[in-house]
There are 2 protein chains.
Amino acid sequence: MKEIKIKASKEYDVIITSGWHNLLFQLENHKLKNFYIITDENVYNIHKTYFDLLTDKASGIFIIKAGEDYKNYDTISMIYEDMIKKKVNRKTAVIAIGGGVVGDLAGFAASTFMRGLRFVQIPTTLISQCDSSIGGKNGYNFNYIKNLIGNIYQPDLVYIDVNFLKTLSLREYINGMAEVIKYGFVCNKDFFNYLNDNKKGIMEREADKLLHIVYECVKIKGRVVEEDELDTDKRHILNFGHTIGHGIESASDFNILHGEAVSIGMAAESFIALKLGLIDTKSYDKLISLLKFFNLPVKFDLKIENILEYIKKDKKKISNDNKLVLPDGIGHAIITSEIKESFIHETLKEFTK
Amino acid sequence: MKEIKIKASKEYDVIITSGWHNLLFQLENHKLKNFYIITDENVYNIHKTYFDLLTDKASGIFIIKAGEDYKNYDTISMIYEDMIKKKVNRKTAVIAIGGGVVGDLAGFAASTFMRGLRFVQIPTTLISQCDSSIGGKNGYNFNYIKNLIGNIYQPDLVYIDVNFLKTLSLREYINGMAEVIKYGFVCNKDFFNYLNDNKKGIMEREADKLLHIVYECVKIKGRVVEEDELDTDKRHILNFGHTIGHGIESASDFNILHGEAVSIGMAAESFIALKLGLIDTKSYDKLISLLKFFNLPVKFDLKIENILEYIKKDKKKISNDNKLVLPDGIGHAIITSEIKESFIHETLKEFTK
């Protein structure tokens, strides 16, 4: 078992372990005694026995239909209604057990019911264990705009059981690996080398490898969150691969998964860095071959104009700047708004199938 | 002009002045350049000329129908839709101009749109200038439960123009005086004496009196918020008069205004303190005569059983404790959960008309 303390506006513990045997002790240790559980039907059906551990201490369990389609206010409102029915009060802690969608919806409900209840994240996917369960971001889609409504609300405890990762489909697991590789490539060279040296064991989901990669990712994410909790500047480094990635994800109508799109995005954004002389060919090739080893895509079969349209829309939402995260050596990156659209257009041509 | 710095999780300034002449300068001084204004039809109609000052810098203005009936998710959702239409982005600051309902709705929208925009409060009622605009609480009613959904989100600037108070109806002004008297009676003896000594000028809304009482209230509220931003213990002292007051407000079906109900609540809760020997008859009489001077009610014409029912419901929402704020001398109070329902029942009999 490993433990990381995150010192944001609220200080909280992240427990990284394999197995649930420690969960009840940790909850009690953090004075979390009355629960209301939010999960989705997939997680509930696969891990039913685990839920038995908690349900007699829970005032209720709300099972969301799985998928992005239900990440909206209708679901939030049904959760609120159920919370009223189950007499949830300020002494109740909301526990999210699931991937990013469950964490985002449960986090929003916990942060807004009675002006904020205590909140525990038990992430079950690689992407949520390494990324979305840390840092407090939550949200739901509004008028088809992804995560338009949400806030930043730190949990009281994050309990990560890497055993969950063994039940993920290969595509889902690989999807999370894109974010793991991202952390190495722009934040920590040693970790990038570790991924390279241990890729076979990681691909086979060996327990010690899973524990190590999740631990390293949480450490990196935690440090970045501590420096820029409200996502005003430094946290932006974690958007490596995401500017172009989001464009691809949207242009594919979400048929390309988030991590897959980020993989192509990292390839394209690194190519820009290569052309600008920020990184050398050797570093670039290392990234591409690691992505390929994990069967992550680095090419797409979409209209470039559509991708650019979505990138422009994304940017307008935030400001009129044109920001891109570009690696300048393995383990570092710069954030720039100097890259012209025509340059991105030319680059994307290299990545069409 | 007076200025108070509130040091919560976010540090922000409260400007207390008479007139709008300083507003544009203050906004610019706080780097607030792009605005989206939320107000209600009453405020907008009375203060149209003031809005002209701001509207050419605003990307939009949303005018809520006045009153508690519109304090729900439907209004929030219409605000979100308008914000999308008006291209509100992370550089926009939301400005609330109005009383408590406007501040609560605008604060919630600002705190949740794109995970949080900057937020300015321009409170226009005595109750919002002295109380609700400070401390970051926001919210809306859900399934007829008051403020069930909300969060705590500190503003970036609070600009208080006491001239607004001159346009309030007498009943609305008096309504706010209940909260002002509350601050004096349980938090600051000197301020309570000031209210007593200057009651005539205050009743006549003399500018210097208005500036002074708002300044003192903001100072007290700010200090309490700094000590207990998340409302876990110390902030509870400001609930003096509110436990019984809320019961009365609900039992009257909100025909008795919040401040009026708090006035009766303060009378009844002080009577309990008197019976327990926490305060003497002289202090009790001073409170009652000051409330009466401002034509605030100290008696009610409602079924006691109904009031008790609502008090019990309120408490269940928060915990199973039975908490009451009781003054123990002017300017101090204790928080107790030792008072039996039968004692409250007996006390309320003294306050029926």
# chains A, B, ... in the order shown; residues from 1 in each chain; ligands from 1
$ interface_residues --of "chain A" --to "chain B" --cutoff "6 Å" --atoms "only C-alpha atoms" --output "PyMOL selection string"
chain A and resi 89-90+112-115+148-151+317-318
$ write_last_selection --atoms "all heavy atoms" --output "mmCIF file, in the first residue's frame"
data_model
loop_
_atom_site.group_PDB
_atom_site.id
_atom_site.type_symbol
_atom_site.label_atom_id
_atom_site.label_comp_id
_atom_site.auth_asym_id
_atom_site.auth_seq_id
_atom_site.Cartn_x
_atom_site.Cartn_y
_atom_site.Cartn_z
ATOM 1 N N ASN A 89 -27.812 13.532 4.590
ATOM 2 C CA ASN A 89 -27.646 14.819 5.264
ATOM 3 C C ASN A 89 -26.165 15.199 5.354
ATOM 4 O O ASN A 89 -25.320 14.520 4.791
ATOM 5 C CB ASN A 89 -28.317 14.807 6.651
ATOM 6 C CG ASN A 89 -27.665 13.798 7.573
ATOM 7 O OD1 ASN A 89 -26.446 13.677 7.632
ATOM 8 N ND2 ASN A 89 -28.492 13.043 8.299
ATOM 9 N N ARG A 90 -25.895 16.286 6.056
ATOM 10 C CA ARG A 90 -24.526 16.818 6.056
ATOM 11 C C ARG A 90 -23.497 15.874 6.669
ATOM 12 O O ARG A 90 -22.308 16.113 6.569
ATOM 13 C CB ARG A 90 -24.480 18.164 6.785
ATOM 14 C CG ARG A 90 -25.035 19.259 5.927
ATOM 15 C CD ARG A 90 -24.457 20.612 6.308
ATOM 16 N NE ARG A 90 -25.219 21.663 5.645
ATOM 17 C CZ ARG A 90 -25.510 22.832 6.176
ATOM 18 N NH1 ARG A 90 -25.072 23.127 7.381
ATOM 19 N NH2 ARG A 90 -26.209 23.718 5.500
ATOM 20 N N THR A 112 -22.683 20.054 -4.405
ATOM 21 C CA THR A 112 -23.803 21.005 -4.455
ATOM 22 C C THR A 112 -24.978 20.618 -3.559
ATOM 23 O O THR A 112 -25.856 21.449 -3.322
ATOM 24 C CB THR A 112 -24.329 21.137 -5.906
ATOM 25 O OG1 THR A 112 -24.590 19.833 -6.423
ATOM 26 C CG2 THR A 112 -23.317 21.845 -6.792
ATOM 27 N N PHE A 113 -25.052 19.382 -3.087
ATOM 28 C CA PHE A 113 -26.176 18.991 -2.223
ATOM 29 C C PHE A 113 -25.917 19.543 -0.824
ATOM 30 O O PHE A 113 -24.876 19.273 -0.219
ATOM 31 C CB PHE A 113 -26.303 17.462 -2.179
ATOM 32 C CG PHE A 113 -27.606 16.969 -1.610
ATOM 33 C CD1 PHE A 113 -28.748 16.901 -2.399
ATOM 34 C CD2 PHE A 113 -27.700 16.571 -0.284
ATOM 35 C CE1 PHE A 113 -29.955 16.448 -1.881
ATOM 36 C CE2 PHE A 113 -28.902 16.118 0.245
ATOM 37 C CZ PHE A 113 -30.032 16.057 -0.564
ATOM 38 N N MET A 114 -26.856 20.351 -0.324
ATOM 39 C CA MET A 114 -26.678 21.001 0.984
ATOM 40 C C MET A 114 -25.361 21.773 1.082
ATOM 41 O O MET A 114 -24.705 21.754 2.106
ATOM 42 C CB MET A 114 -26.750 19.986 2.117
ATOM 43 C CG MET A 114 -28.140 19.452 2.319
ATOM 44 S SD MET A 114 -28.176 18.351 3.742
ATOM 45 C CE MET A 114 -29.933 18.023 3.769
ATOM 46 N N ARG A 115 -24.981 22.394 -0.014
ATOM 47 C CA ARG A 115 -23.743 23.186 -0.114
ATOM 48 C C ARG A 115 -22.471 22.394 0.140
ATOM 49 O O ARG A 115 -21.454 22.946 0.547
ATOM 50 C CB ARG A 115 -23.801 24.392 0.831
ATOM 51 C CG ARG A 115 -24.886 25.387 0.462
ATOM 52 C CD ARG A 115 -24.504 26.793 0.877
ATOM 53 N NE ARG A 115 -25.584 27.714 0.576
ATOM 54 C CZ ARG A 115 -26.540 28.060 1.420
ATOM 55 N NH1 ARG A 115 -26.538 27.564 2.640
ATOM 56 N NH2 ARG A 115 -27.477 28.906 1.051
ATOM 57 N N LEU A 148 -19.552 21.500 -19.659
ATOM 58 C CA LEU A 148 -19.760 22.958 -19.578
ATOM 59 C C LEU A 148 -20.058 23.377 -18.141
ATOM 60 O O LEU A 148 -19.628 24.426 -17.680
ATOM 61 C CB LEU A 148 -20.913 23.410 -20.486
ATOM 62 C CG LEU A 148 -21.098 24.927 -20.500
ATOM 63 C CD1 LEU A 148 -19.961 25.600 -21.268
ATOM 64 C CD2 LEU A 148 -22.435 25.345 -21.092
ATOM 65 N N ILE A 149 -20.853 22.551 -17.442
ATOM 66 C CA ILE A 149 -21.228 22.899 -16.066
ATOM 67 C C ILE A 149 -20.454 22.004 -15.097
ATOM 68 O O ILE A 149 -20.419 20.784 -15.265
ATOM 69 C CB ILE A 149 -22.745 22.715 -15.855
ATOM 70 C CG1 ILE A 149 -23.535 23.450 -16.960
ATOM 71 C CG2 ILE A 149 -23.164 23.178 -14.463
ATOM 72 C CD1 ILE A 149 -23.235 24.923 -17.087
ATOM 73 N N GLY A 150 -19.850 22.607 -14.100
ATOM 74 C CA GLY A 150 -19.088 21.833 -13.127
ATOM 75 C C GLY A 150 -18.386 22.767 -12.169
ATOM 76 O O GLY A 150 -18.550 23.989 -12.244
ATOM 77 N N ASN A 151 -17.627 22.195 -11.262
ATOM 78 C CA ASN A 151 -16.801 23.053 -10.418
ATOM 79 C C ASN A 151 -15.551 22.288 -10.011
ATOM 80 O O ASN A 151 -15.266 21.222 -10.549
ATOM 81 C CB ASN A 151 -17.601 23.587 -9.222
ATOM 82 C CG ASN A 151 -18.130 22.497 -8.327
ATOM 83 O OD1 ASN A 151 -17.442 21.513 -8.059
ATOM 84 N ND2 ASN A 151 -19.353 22.643 -7.856
ATOM 85 N N LYS A 317 -14.083 28.944 -26.320
ATOM 86 C CA LYS A 317 -14.722 28.737 -25.031
ATOM 87 C C LYS A 317 -13.874 29.322 -23.912
ATOM 88 O O LYS A 317 -14.382 29.826 -22.940
ATOM 89 C CB LYS A 317 -14.921 27.230 -24.766
ATOM 90 C CG LYS A 317 -16.161 26.670 -25.399
ATOM 91 C CD LYS A 317 -16.536 25.316 -24.876
ATOM 92 C CE LYS A 317 -15.398 24.396 -24.554
ATOM 93 N NZ LYS A 317 -15.744 22.979 -24.540
ATOM 94 N N ILE A 318 -12.593 29.202 -24.035
ATOM 95 C CA ILE A 318 -11.706 29.595 -22.947
ATOM 96 C C ILE A 318 -11.212 31.023 -23.111
ATOM 97 O O ILE A 318 -11.264 31.827 -22.216
ATOM 98 C CB ILE A 318 -10.543 28.590 -22.822
ATOM 99 C CG1 ILE A 318 -11.120 27.239 -22.386
ATOM 100 C CG2 ILE A 318 -9.527 29.070 -21.807
ATOM 101 C CD1 ILE A 318 -10.270 26.074 -22.714
#
$ select_by_dssp --residues "segment 23-228 of chain B" --states "alpha helix (DSSP H)" --output "ChimeraX atom specification"
/B:23-29,41-46,48-55,73-85,100-112,126-127,170-187,189-197,199-203,207-227
$ residues_around --residues "segment 201-206 of chain A" --least-positions-apart "3" --cutoff "10 Å" --atoms "only C-alpha atoms" --output "PyMOL selection string"
chain A and resi 162-163+165-166+170+173-174+177+195-198+209-213+293-294
$ write_last_selection --atoms "N, CA and C atoms" --output "PDB file, in the first residue's frame"
ATOM      1  N   VAL A 162      -5.897  -1.136  -7.613  1.00  0.00           N
ATOM      2  CA  VAL A 162      -5.478  -1.422  -8.998  1.00  0.00           C
ATOM      3  C   VAL A 162      -6.052  -2.733  -9.522  1.00  0.00           C
ATOM      4  N   ASN A 163      -6.595  -3.558  -8.634  1.00  0.00           N
ATOM      5  CA  ASN A 163      -7.220  -4.806  -9.113  1.00  0.00           C
ATOM      6  C   ASN A 163      -8.360  -4.543 -10.095  1.00  0.00           C
ATOM      7  N   LEU A 165      -8.319  -2.689 -12.474  1.00  0.00           N
ATOM      8  CA  LEU A 165      -7.779  -2.535 -13.831  1.00  0.00           C
ATOM      9  C   LEU A 165      -7.745  -3.864 -14.576  1.00  0.00           C
ATOM     10  N   LYS A 166      -7.711  -4.971 -13.802  1.00  0.00           N
ATOM     11  CA  LYS A 166      -7.625  -6.296 -14.437  1.00  0.00           C
ATOM     12  C   LYS A 166      -8.933  -6.709 -15.107  1.00  0.00           C
ATOM     13  N   LEU A 170      -9.460  -4.669 -23.016  1.00  0.00           N
ATOM     14  CA  LEU A 170      -8.139  -4.232 -23.488  1.00  0.00           C
ATOM     15  C   LEU A 170      -8.212  -2.801 -24.021  1.00  0.00           C
ATOM     16  N   TYR A 173      -8.312  -0.307 -21.206  1.00  0.00           N
ATOM     17  CA  TYR A 173      -7.026  -0.240 -20.493  1.00  0.00           C
ATOM     18  C   TYR A 173      -6.017   0.593 -21.286  1.00  0.00           C
ATOM     19  N   ILE A 174      -5.906   0.276 -22.564  1.00  0.00           N
ATOM     20  CA  ILE A 174      -4.997   0.975 -23.482  1.00  0.00           C
ATOM     21  C   ILE A 174      -5.335   2.467 -23.546  1.00  0.00           C
ATOM     22  N   MET A 177      -3.681   4.172 -20.953  1.00  0.00           N
ATOM     23  CA  MET A 177      -2.220   4.235 -21.104  1.00  0.00           C
ATOM     24  C   MET A 177      -1.780   5.514 -21.802  1.00  0.00           C
ATOM     25  N   LEU A 195       8.490   3.383 -18.220  1.00  0.00           N
ATOM     26  CA  LEU A 195       7.416   2.847 -19.079  1.00  0.00           C
ATOM     27  C   LEU A 195       8.013   2.074 -20.247  1.00  0.00           C
ATOM     28  N   ASN A 196       9.058   2.645 -20.832  1.00  0.00           N
ATOM     29  CA  ASN A 196       9.731   1.999 -21.948  1.00  0.00           C
ATOM     30  C   ASN A 196      10.351   0.671 -21.528  1.00  0.00           C
ATOM     31  N   ASP A 197      11.038   0.692 -20.395  1.00  0.00           N
ATOM     32  CA  ASP A 197      11.762  -0.501 -19.932  1.00  0.00           C
ATOM     33  C   ASP A 197      10.822  -1.606 -19.450  1.00  0.00           C
ATOM     34  N   ASN A 198       9.606  -1.242 -19.060  1.00  0.00           N
ATOM     35  CA  ASN A 198       8.706  -2.236 -18.451  1.00  0.00           C
ATOM     36  C   ASN A 198       7.420  -2.430 -19.239  1.00  0.00           C
ATOM     37  N   LYS A 209       3.605  -3.566 -11.463  1.00  0.00           N
ATOM     38  CA  LYS A 209       3.707  -2.522 -12.498  1.00  0.00           C
ATOM     39  C   LYS A 209       2.519  -1.563 -12.388  1.00  0.00           C
ATOM     40  N   LEU A 210       1.340  -2.142 -12.195  1.00  0.00           N
ATOM     41  CA  LEU A 210       0.143  -1.294 -12.068  1.00  0.00           C
ATOM     42  C   LEU A 210       0.289  -0.355 -10.872  1.00  0.00           C
ATOM     43  N   LEU A 211       0.700  -0.914  -9.732  1.00  0.00           N
ATOM     44  CA  LEU A 211       0.882  -0.087  -8.529  1.00  0.00           C
ATOM     45  C   LEU A 211       1.875   1.043  -8.811  1.00  0.00           C
ATOM     46  N   HIS A 212       2.964   0.706  -9.493  1.00  0.00           N
ATOM     47  CA  HIS A 212       3.981   1.721  -9.724  1.00  0.00           C
ATOM     48  C   HIS A 212       3.511   2.824 -10.676  1.00  0.00           C
ATOM     49  N   ILE A 213       2.870   2.440 -11.780  1.00  0.00           N
ATOM     50  CA  ILE A 213       2.485   3.506 -12.733  1.00  0.00           C
ATOM     51  C   ILE A 213       1.391   4.401 -12.143  1.00  0.00           C
ATOM     52  N   PHE A 293       3.558   0.474 -29.432  1.00  0.00           N
ATOM     53  CA  PHE A 293       3.673  -0.774 -28.662  1.00  0.00           C
ATOM     54  C   PHE A 293       2.357  -1.074 -27.938  1.00  0.00           C
ATOM     55  N   PHE A 294       1.724  -0.015 -27.408  1.00  0.00           N
ATOM     56  CA  PHE A 294       0.459  -0.207 -26.681  1.00  0.00           C
ATOM     57  C   PHE A 294      -0.761  -0.202 -27.618  1.00  0.00           C
TER      58      PHE A 294
END
$ residues_around --residues "Tyr36 of chain B" --least-positions-apart "2" --cutoff "6 Å" --atoms "only C-alpha atoms" --output "MDAnalysis selection string"
chainID B and resid 58:61 94
$ residues_around --residues "Ser252 of chain B" --least-positions-apart "3" --cutoff "10 Å" --atoms "only C-alpha atoms" --output "list in words"
His246, Gly247, Ile248, Glu249, Asn255, Ile256, Leu257, Ala261, Phe300, Asp301, Leu302, Lys303, Asn306 and Ile307 of chain B
$ atom_distance --atom1 "atom CA of Ala178 of chain A" --atom2 "atom CA of Ser263 of chain A"
5.6 Å
$ closest_atom_pairs --of "segment 139-183 of chain B" --to "segment 119-122 of chain B" --cutoff "7 Å" --atoms "only C-alpha atoms" --output "tab-separated table"
residue	atom	partner	partner_atom	distance
B:Pro155	CA	B:Phe119	CA	4.9
B:Asp156	CA	B:Phe119	CA	5.5
B:Leu157	CA	B:Val120	CA	5.0
B:Val158	CA	B:Gln121	CA	4.7
B:Tyr159	CA	B:Ile122	CA	5.0
B:Ile160	CA	B:Ile122	CA	5.8
$ write_last_selection --atoms "N, CA and C atoms" --output "compact mmCIF listing (two decimals), in the first residue's frame"
# COMPACT_ATOMS: atom_id res chain seq x y z
N PRO B 155 -16.88 35.60 -3.77
CA PRO B 155 -16.82 36.55 -4.88
C PRO B 155 -15.41 37.13 -5.02
N ASP B 156 -15.17 37.85 -6.11
CA ASP B 156 -13.90 38.55 -6.29
C ASP B 156 -13.98 39.98 -5.78
N LEU B 157 -15.19 40.49 -5.70
CA LEU B 157 -15.39 41.87 -5.24
C LEU B 157 -16.85 42.02 -4.81
N VAL B 158 -17.05 42.73 -3.71
CA VAL B 158 -18.42 43.11 -3.31
C VAL B 158 -18.46 44.63 -3.28
N TYR B 159 -19.36 45.21 -4.06
CA TYR B 159 -19.48 46.66 -4.12
C TYR B 159 -20.84 47.04 -3.51
N ILE B 160 -20.78 47.68 -2.35
CA ILE B 160 -22.02 48.02 -1.65
C ILE B 160 -22.30 49.52 -1.77
$ residues_around --residues "Glu350 of chain B" --least-positions-apart "2" --cutoff "10 Å" --atoms "only C-alpha atoms" --output "number ranges by chain"
B: 268, 271, 299-300, 345-348, 352-353
$ write_last_selection --atoms "C-alpha atoms" --output "CSV table (one decimal), in the first residue's frame"
chain,number,residue,atom,x,y,z
B,268,ALA,CA,-38.2,33.6,21.7
B,271,PHE,CA,-36.5,34.3,26.3
B,299,LYS,CA,-45.4,37.7,18.3
B,300,PHE,CA,-47.0,35.3,15.9
B,345,HIS,CA,-43.1,24.5,23.0
B,346,GLU,CA,-43.7,26.2,26.4
B,347,THR,CA,-41.6,29.3,25.3
B,348,LEU,CA,-43.5,29.7,22.0
B,352,THR,CA,-48.6,33.9,20.4
B,353,LYS,CA,-50.8,36.8,19.6
$ select_by_dssp --residues "segment 78-304 of chain B" --states "strand (DSSP E or B)" --output "ChimeraX atom specification"
/B:92-98,113,118-123,137,140-142,145-149,152,157-161,300
$ residues_around --residues "Gly331 of chain A" --least-positions-apart "6" --cutoff "7 Å" --atoms "only C-alpha atoms" --output "list in words"
Gly184, Phe185, Val186, Cys187, Asn188 and Lys189 of chain A
$ closest_residue --among "B:Lys312, B:His332, B:Asn193, B:Glu269" --to "Leu290 of chain B" --atoms "only C-alpha atoms"
B:Asn193
$ atom_distance --atom1 "atom CA of Leu32 of chain B" --atom2 "atom CA of Arg118 of chain B"
8.2 Å
$ atom_distance --atom1 "atom CA of Thr167 of chain B" --atom2 "atom CA of Gly19 of chain B"
12.9 Å
